[in-house]
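Student: Take a look at target12.cif, mmCIF, N, CA and C atoms and all ligand atoms:
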```cif
data_run
#
loop_
_atom_site.label_atom_id
_atom_site.label_comp_id
_atom_site.auth_asym_id
_atom_site.auth_seq_id
_atom_site.Cartn_x
_atom_site.Cartn_y
_atom_site.Cartn_z
N MET A 52 -8.21 1.30 -4.79
CA MET A 52 -7.29 1.74 -3.76
C MET A 52 -7.37 0.81 -2.57
N ALA A 53 -6.27 0.52 -1.99
CA ALA A 53 -6.26 -0.37 -0.85
C ALA A 53 -5.97 0.40 0.43
N LEU A 54 -4.76 0.89 0.54
CA LEU A 54 -4.44 1.72 1.70
C LEU A 54 -4.20 3.15 1.22
N MET A 55 -4.27 4.07 2.15
CA MET A 55 -4.06 5.47 1.79
C MET A 55 -3.23 6.15 2.87
N ILE A 56 -2.49 7.15 2.47
CA ILE A 56 -1.69 7.92 3.43
C ILE A 56 -2.40 9.25 3.68
N THR A 57 -2.61 9.57 4.94
CA THR A 57 -3.33 10.80 5.26
C THR A 57 -2.37 11.98 5.34
N ASP A 58 -2.95 13.18 5.44
CA ASP A 58 -2.10 14.38 5.46
C ASP A 58 -1.38 14.57 6.79
N GLU A 59 -1.52 13.59 7.67
CA GLU A 59 -0.71 13.62 8.90
C GLU A 59 0.72 13.16 8.64
N CYS A 60 0.95 12.60 7.47
CA CYS A 60 2.27 12.09 7.10
C CYS A 60 3.35 13.14 7.35
N ILE A 61 4.45 12.72 7.99
CA ILE A 61 5.55 13.64 8.29
C ILE A 61 6.74 13.42 7.36
N ASN A 62 6.51 12.72 6.26
CA ASN A 62 7.55 12.51 5.25
C ASN A 62 8.83 11.91 5.83
N CYS A 63 8.64 10.91 6.68
CA CYS A 63 9.82 10.34 7.33
C CYS A 63 10.54 9.34 6.44
N ASP A 64 9.87 8.87 5.38
CA ASP A 64 10.53 8.01 4.38
C ASP A 64 10.72 6.57 4.86
N VAL A 65 10.11 6.20 5.98
CA VAL A 65 10.31 4.84 6.50
C VAL A 65 9.51 3.82 5.69
N CYS A 66 8.34 4.20 5.24
CA CYS A 66 7.46 3.22 4.59
C CYS A 66 7.90 2.88 3.16
N GLU A 67 8.41 3.83 2.44
CA GLU A 67 8.69 3.62 1.02
C GLU A 67 9.52 2.37 0.73
N PRO A 68 10.66 2.19 1.39
CA PRO A 68 11.47 1.00 1.07
C PRO A 68 10.88 -0.31 1.54
N GLU A 69 9.87 -0.24 2.42
CA GLU A 69 9.27 -1.47 2.94
C GLU A 69 8.23 -2.07 1.99
N CYS A 70 7.75 -1.30 1.03
CA CYS A 70 6.66 -1.79 0.18
C CYS A 70 7.19 -2.77 -0.86
N PRO A 71 6.68 -4.00 -0.85
CA PRO A 71 7.17 -5.01 -1.79
C PRO A 71 6.73 -4.75 -3.23
N ASN A 72 5.75 -3.86 -3.40
CA ASN A 72 5.23 -3.59 -4.74
C ASN A 72 5.66 -2.24 -5.29
N SER A 73 6.54 -1.56 -4.58
CA SER A 73 6.95 -0.20 -4.98
C SER A 73 5.74 0.69 -5.23
N ALA A 74 4.76 0.57 -4.35
CA ALA A 74 3.52 1.33 -4.52
C ALA A 74 3.59 2.70 -3.85
N ILE A 75 4.62 2.92 -3.04
CA ILE A 75 4.70 4.16 -2.27
C ILE A 75 5.76 5.07 -2.88
N SER A 76 5.38 6.33 -3.04
CA SER A 76 6.35 7.28 -3.57
C SER A 76 6.11 8.66 -2.96
N GLN A 77 7.10 9.50 -3.06
CA GLN A 77 6.96 10.86 -2.56
C GLN A 77 6.07 11.65 -3.49
N GLY A 78 4.99 12.20 -2.96
CA GLY A 78 4.12 13.03 -3.77
C GLY A 78 4.53 14.48 -3.65
N GLU A 79 3.64 15.36 -4.04
CA GLU A 79 4.00 16.78 -4.01
C GLU A 79 4.23 17.27 -2.59
N GLU A 80 3.40 16.80 -1.66
CA GLU A 80 3.55 17.27 -0.28
C GLU A 80 3.83 16.15 0.70
N ILE A 81 3.18 15.01 0.48
CA ILE A 81 3.37 13.88 1.37
C ILE A 81 3.56 12.62 0.53
N TYR A 82 3.85 11.54 1.22
CA TYR A 82 3.99 10.28 0.49
C TYR A 82 2.61 9.80 0.03
N GLU A 83 2.62 9.07 -1.08
CA GLU A 83 1.37 8.61 -1.67
C GLU A 83 1.46 7.11 -1.99
N ILE A 84 0.29 6.48 -2.05
CA ILE A 84 0.21 5.06 -2.42
C ILE A 84 -0.50 4.94 -3.76
N ASN A 85 0.13 4.28 -4.70
CA ASN A 85 -0.50 4.01 -6.00
C ASN A 85 -1.48 2.85 -5.82
N PRO A 86 -2.78 3.11 -5.97
CA PRO A 86 -3.77 2.06 -5.71
C PRO A 86 -3.68 0.90 -6.70
N ASP A 87 -3.08 1.14 -7.85
CA ASP A 87 -2.95 0.05 -8.82
C ASP A 87 -1.85 -0.93 -8.43
N LYS A 88 -1.00 -0.51 -7.51
CA LYS A 88 0.11 -1.39 -7.10
C LYS A 88 -0.04 -1.94 -5.69
N CYS A 89 -0.86 -1.30 -4.87
CA CYS A 89 -1.01 -1.75 -3.48
C CYS A 89 -1.93 -2.96 -3.41
N THR A 90 -1.41 -4.05 -2.87
CA THR A 90 -2.21 -5.27 -2.69
C THR A 90 -2.52 -5.50 -1.22
N GLU A 91 -2.37 -4.47 -0.38
CA GLU A 91 -2.45 -4.64 1.07
C GLU A 91 -1.41 -5.66 1.52
N CYS A 92 -0.39 -5.82 0.70
CA CYS A 92 0.72 -6.75 0.92
C CYS A 92 0.33 -8.22 0.71
N VAL A 93 -0.89 -8.46 0.23
CA VAL A 93 -1.29 -9.83 -0.11
C VAL A 93 -0.33 -10.39 -1.16
N GLY A 94 0.10 -11.61 -0.93
CA GLY A 94 1.06 -12.25 -1.82
C GLY A 94 2.48 -12.15 -1.30
N HIS A 95 2.70 -11.20 -0.41
CA HIS A 95 4.05 -11.00 0.13
C HIS A 95 4.11 -11.22 1.64
N TYR A 96 3.18 -10.56 2.36
CA TYR A 96 3.23 -10.59 3.82
C TYR A 96 1.82 -10.75 4.39
N ASP A 97 1.77 -11.12 5.66
CA ASP A 97 0.48 -11.29 6.33
C ASP A 97 -0.16 -9.95 6.65
N LYS A 98 0.67 -8.95 6.88
CA LYS A 98 0.14 -7.64 7.27
C LYS A 98 0.73 -6.56 6.37
N PRO A 99 -0.01 -5.48 6.17
CA PRO A 99 0.53 -4.36 5.41
C PRO A 99 1.81 -3.83 6.06
N GLN A 100 2.90 -3.93 5.36
CA GLN A 100 4.19 -3.55 5.93
C GLN A 100 4.30 -2.06 6.21
N CYS A 101 3.67 -1.25 5.37
CA CYS A 101 3.76 0.20 5.60
C CYS A 101 3.08 0.57 6.91
N GLN A 102 1.94 -0.06 7.17
CA GLN A 102 1.24 0.21 8.43
C GLN A 102 2.10 -0.19 9.62
N GLU A 103 2.82 -1.29 9.45
CA GLU A 103 3.64 -1.80 10.55
C GLU A 103 4.74 -0.82 10.95
N VAL A 104 5.29 -0.12 9.96
CA VAL A 104 6.46 0.71 10.25
C VAL A 104 6.14 2.19 10.43
N CYS A 105 4.98 2.64 10.00
CA CYS A 105 4.70 4.08 10.09
C CYS A 105 4.66 4.51 11.56
N PRO A 106 5.51 5.48 11.93
CA PRO A 106 5.61 5.86 13.35
C PRO A 106 4.42 6.63 13.86
N ILE A 107 3.60 7.17 12.97
CA ILE A 107 2.47 7.95 13.46
C ILE A 107 1.12 7.37 13.01
N ASP A 108 1.15 6.16 12.51
CA ASP A 108 -0.10 5.46 12.14
C ASP A 108 -1.01 6.30 11.23
N CYS A 109 -0.43 6.76 10.15
CA CYS A 109 -1.25 7.59 9.25
C CYS A 109 -1.52 6.88 7.93
N ILE A 110 -1.55 5.53 7.97
CA ILE A 110 -1.83 4.78 6.74
C ILE A 110 -3.03 3.86 6.97
N PRO A 111 -4.22 4.40 6.93
CA PRO A 111 -5.42 3.57 7.14
C PRO A 111 -5.85 2.84 5.87
N PHE A 112 -6.73 1.86 6.06
CA PHE A 112 -7.42 1.30 4.91
C PHE A 112 -8.38 2.36 4.39
N ASN A 113 -8.53 2.42 3.08
CA ASN A 113 -9.53 3.34 2.52
C ASN A 113 -10.89 2.71 2.73
N PRO A 114 -11.73 3.30 3.55
CA PRO A 114 -13.02 2.67 3.88
C PRO A 114 -13.98 2.62 2.70
N ASP A 115 -13.75 3.44 1.71
CA ASP A 115 -14.66 3.49 0.57
C ASP A 115 -14.34 2.44 -0.49
N VAL A 116 -13.10 2.02 -0.54
CA VAL A 116 -12.68 1.15 -1.64
C VAL A 116 -11.92 -0.06 -1.10
N ARG A 117 -12.66 -0.96 -0.50
CA ARG A 117 -12.02 -2.17 -0.02
C ARG A 117 -12.10 -3.23 -1.11
N GLU A 118 -11.05 -4.03 -1.23
CA GLU A 118 -11.03 -5.12 -2.20
C GLU A 118 -11.02 -6.45 -1.45
N THR A 119 -11.56 -7.47 -2.11
CA THR A 119 -11.56 -8.78 -1.48
C THR A 119 -10.16 -9.38 -1.58
N HIS A 120 -9.95 -10.42 -0.78
CA HIS A 120 -8.66 -11.10 -0.82
C HIS A 120 -8.37 -11.63 -2.23
N ASP A 121 -9.38 -12.15 -2.87
CA ASP A 121 -9.20 -12.67 -4.24
C ASP A 121 -8.80 -11.56 -5.21
N GLN A 122 -9.44 -10.42 -5.08
CA GLN A 122 -9.09 -9.29 -5.96
C GLN A 122 -7.66 -8.83 -5.70
N LEU A 123 -7.28 -8.82 -4.44
CA LEU A 123 -5.92 -8.40 -4.11
C LEU A 123 -4.90 -9.41 -4.63
N MET A 124 -5.24 -10.69 -4.51
CA MET A 124 -4.34 -11.73 -5.02
C MET A 124 -4.21 -11.64 -6.54
N ALA A 125 -5.32 -11.33 -7.22
CA ALA A 125 -5.28 -11.17 -8.67
C ALA A 125 -4.39 -9.99 -9.05
N LYS A 126 -4.47 -8.93 -8.27
CA LYS A 126 -3.61 -7.77 -8.53
C LYS A 126 -2.15 -8.14 -8.33
N TYR A 127 -1.89 -8.88 -7.25
CA TYR A 127 -0.52 -9.34 -6.99
C TYR A 127 0.01 -10.16 -8.17
N LEU A 128 -0.82 -11.07 -8.67
CA LEU A 128 -0.38 -11.92 -9.79
C LEU A 128 -0.12 -11.09 -11.04
N ARG A 129 -0.94 -10.08 -11.26
CA ARG A 129 -0.69 -9.18 -12.40
C ARG A 129 0.65 -8.49 -12.23
N LEU A 130 0.91 -8.03 -11.02
CA LEU A 130 2.14 -7.26 -10.78
C LEU A 130 3.38 -8.11 -10.94
N VAL A 131 3.30 -9.37 -10.59
CA VAL A 131 4.48 -10.23 -10.73
C VAL A 131 4.53 -10.90 -12.10
N GLY A 132 3.51 -10.65 -12.91
CA GLY A 132 3.58 -11.08 -14.29
C GLY A 132 3.10 -12.48 -14.58
N SER A 133 2.42 -13.08 -13.60
CA SER A 133 1.95 -14.45 -13.85
C SER A 133 0.43 -14.53 -13.97
N GLY A 134 -0.20 -13.40 -13.98
CA GLY A 134 -1.64 -13.39 -14.17
C GLY A 134 -1.99 -12.78 -15.52
N LYS A 135 -3.29 -12.62 -15.74
CA LYS A 135 -3.71 -12.00 -17.00
C LYS A 135 -3.35 -10.51 -16.99
N LYS A 136 -2.94 -10.01 -18.10
CA LYS A 136 -2.61 -8.59 -18.18
C LYS A 136 -3.88 -7.77 -18.27
FE1 LIG B 201 2.84 -1.39 -0.19
FE2 LIG B 201 1.83 -3.27 1.33
FE3 LIG B 201 1.62 -0.73 2.06
FE4 LIG B 201 0.20 -1.59 0.00
S1 LIG B 201 -0.01 -2.28 2.14
S2 LIG B 201 1.39 0.30 0.08
S3 LIG B 201 1.57 -3.11 -0.88
S4 LIG B 201 3.51 -1.89 1.90
FE1 LIG B 202 4.52 9.26 6.01
FE2 LIG B 202 4.11 7.23 7.69
FE3 LIG B 202 5.34 6.82 5.36
FE4 LIG B 202 6.57 8.15 7.30
S1 LIG B 202 5.98 6.00 7.37
S2 LIG B 202 6.51 8.72 5.12
S3 LIG B 202 4.87 9.28 8.23
S4 LIG B 202 3.21 7.49 5.66
#
```
Take the structure in the file and give it back as structure tokens.
Tutor:
Amino acid sequence: MALMITDECINCDVCEPECPNSAISQGEEIYEINPDKCTECVGHYDKPQCQEVCPIDCIPFNPDVRETHDQLMAKYLRLVGSGKK
């Protein structure tokens, strides 16, 4: 997991279209981030785009599961189909 959405989310729908990896979707109660798809925006942008747009700052890094830049880049390459499956 890279980033996570907390239960402070107000379901404003601003973050979902900003994610270059389609990692954000509406969950049962609030929006959720698929950790298999979130690269912290590595490969696409300098900063996590969802964090940039969230009006209430409820998308922190998951402190328990941080990935290195190399791991995130490898995930990005898998997602775009040019890395190992
Ligand atoms: Fe998507 Fe980037 Fe947010 Fe991860 S950090 S959920 S890749 S917008
Ligand atoms: Fe929830 Fe923030 Fe996404 Fe809006 S931008 S849906 S408040 S996580």
Student: For Glu59 of chain A, which residue among A:Gln77, A:Asp97, A:Thr90, A:Asp108 is the nearest when counting all atoms listed in the file?
Tutor: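 Of all the options, A:Asp108 lies closest to Glu59 of chain A.
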Student: Can you work out which residues are within 10 Å of ligand LIG 201 (chain B), considering only C-alpha atoms and all ligand atoms, and then hand them over as number ranges by chain?
Tutor: A: 52-56, 66-76, 83-105, 110-112, 123, 127
Student: Can you measure atom N of Glu80 of chain A to atom CA of Asp58 of chain A for me? One decimal in Å is fine.
Tutor: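 Interatomic distance here is 9.3 Å.
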Student: Hey, what does DSSP flag as helix (DSSP H, G or I) within chain A? Can you give it to me as a PyMOL selection string?
Tutor: chain A and resi 67-69+100-104+120-131
Student: List every residue of chain A that has an atom at most 5 Å from any atom of ligand LIG 202 (chain B), and for each one report the closest atom pair and its distance in Å to one decimal, counting all atoms listed in the file, with rows sorted by chain and then by increasing residue number, as a Markdown table.
Tutor:
```
| residue | atom | partner | partner_atom | distance |
| --- | --- | --- | --- | --- |
| A:Cys60 | CA | B:LIG202 | FE1 | 3.8 |
| A:Ile61 | N | B:LIG202 | S3 | 3.5 |
| A:Asn62 | CA | B:LIG202 | S2 | 3.9 |
| A:Cys63 | N | B:LIG202 | S2 | 3.4 |
| A:Asp64 | N | B:LIG202 | S2 | 3.4 |
| A:Val65 | N | B:LIG202 | FE4 | 4.3 |
| A:Cys66 | N | B:LIG202 | S1 | 3.7 |
| A:Val104 | C | B:LIG202 | S1 | 4.9 |
| A:Cys105 | CA | B:LIG202 | S1 | 3.6 |
| A:Pro106 | N | B:LIG202 | S1 | 4.6 |
```
Student: Take the residues just selected and output them with N, CA and C atoms as a PDB file, in the coordinates of the input.
Tutor:
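Now in result04.pdb:
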```pdb
ATOM      1  N   CYS A  60       0.950  12.600   7.470  1.00  0.00           N
ATOM      2  CA  CYS A  60       2.270  12.090   7.100  1.00  0.00           C
ATOM      3  C   CYS A  60       3.350  13.140   7.350  1.00  0.00           C
ATOM      4  N   ILE A  61       4.450  12.720   7.990  1.00  0.00           N
ATOM      5  CA  ILE A  61       5.550  13.640   8.290  1.00  0.00           C
ATOM      6  C   ILE A  61       6.740  13.420   7.360  1.00  0.00           C
ATOM      7  N   ASN A  62       6.510  12.720   6.260  1.00  0.00           N
ATOM      8  CA  ASN A  62       7.550  12.510   5.250  1.00  0.00           C
ATOM      9  C   ASN A  62       8.830  11.910   5.830  1.00  0.00           C
ATOM     10  N   CYS A  63       8.640  10.910   6.680  1.00  0.00           N
ATOM     11  CA  CYS A  63       9.820  10.340   7.330  1.00  0.00           C
ATOM     12  C   CYS A  63      10.540   9.340   6.440  1.00  0.00           C
ATOM     13  N   ASP A  64       9.870   8.870   5.380  1.00  0.00           N
ATOM     14  CA  ASP A  64      10.530   8.010   4.380  1.00  0.00           C
ATOM     15  C   ASP A  64      10.720   6.570   4.860  1.00  0.00           C
ATOM     16  N   VAL A  65      10.110   6.200   5.980  1.00  0.00           N
ATOM     17  CA  VAL A  65      10.310   4.840   6.500  1.00  0.00           C
ATOM     18  C   VAL A  65       9.510   3.820   5.690  1.00  0.00           C
ATOM     19  N   CYS A  66       8.340   4.200   5.240  1.00  0.00           N
ATOM     20  CA  CYS A  66       7.460   3.220   4.590  1.00  0.00           C
ATOM     21  C   CYS A  66       7.900   2.880   3.160  1.00  0.00           C
ATOM     22  N   VAL A 104       5.290  -0.120   9.960  1.00  0.00           N
ATOM     23  CA  VAL A 104       6.460   0.710  10.250  1.00  0.00           C
ATOM     24  C   VAL A 104       6.140   2.190  10.430  1.00  0.00           C
ATOM     25  N   CYS A 105       4.980   2.640  10.000  1.00  0.00           N
ATOM     26  CA  CYS A 105       4.700   4.080  10.090  1.00  0.00           C
ATOM     27  C   CYS A 105       4.660   4.510  11.560  1.00  0.00           C
ATOM     28  N   PRO A 106       5.510   5.480  11.930  1.00  0.00           N
ATOM     29  CA  PRO A 106       5.610   5.860  13.350  1.00  0.00           C
ATOM     30  C   PRO A 106       4.420   6.630  13.860  1.00  0.00           C
TER      31      PRO A 106
END
```
Student: Just how far from atom C of Tyr82 of chain A is atom CA of Arg117 of chain A, in Å to one decimal?
Tutor: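 Answer for the atom CA of Arg117 of chain A to atom C of Tyr82 of chain A separation: 18.9 Å.
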Student: Any idea what the distance is between atom CA of Leu128 of chain A and atom CA of Cys109 of chain A?
Tutor: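 Atom CA of Leu128 of chain A sits 27.3 Å away from atom CA of Cys109 of chain A.
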Student: Enclose the full set of atoms of segment 91-95 of chain A listed in the file within a box whose edges lie along x, y and z, apply 8 Å of padding to each of the six sides, and report centre and edge lengths in Å to one decimal as lines of an AutoDock Vina configuration file.
Tutor:
```
center_x = 0.8
center_y = -8.4
center_z = -0.1
size_x = 22.6
size_y = 23.8
size_z = 19.5
```
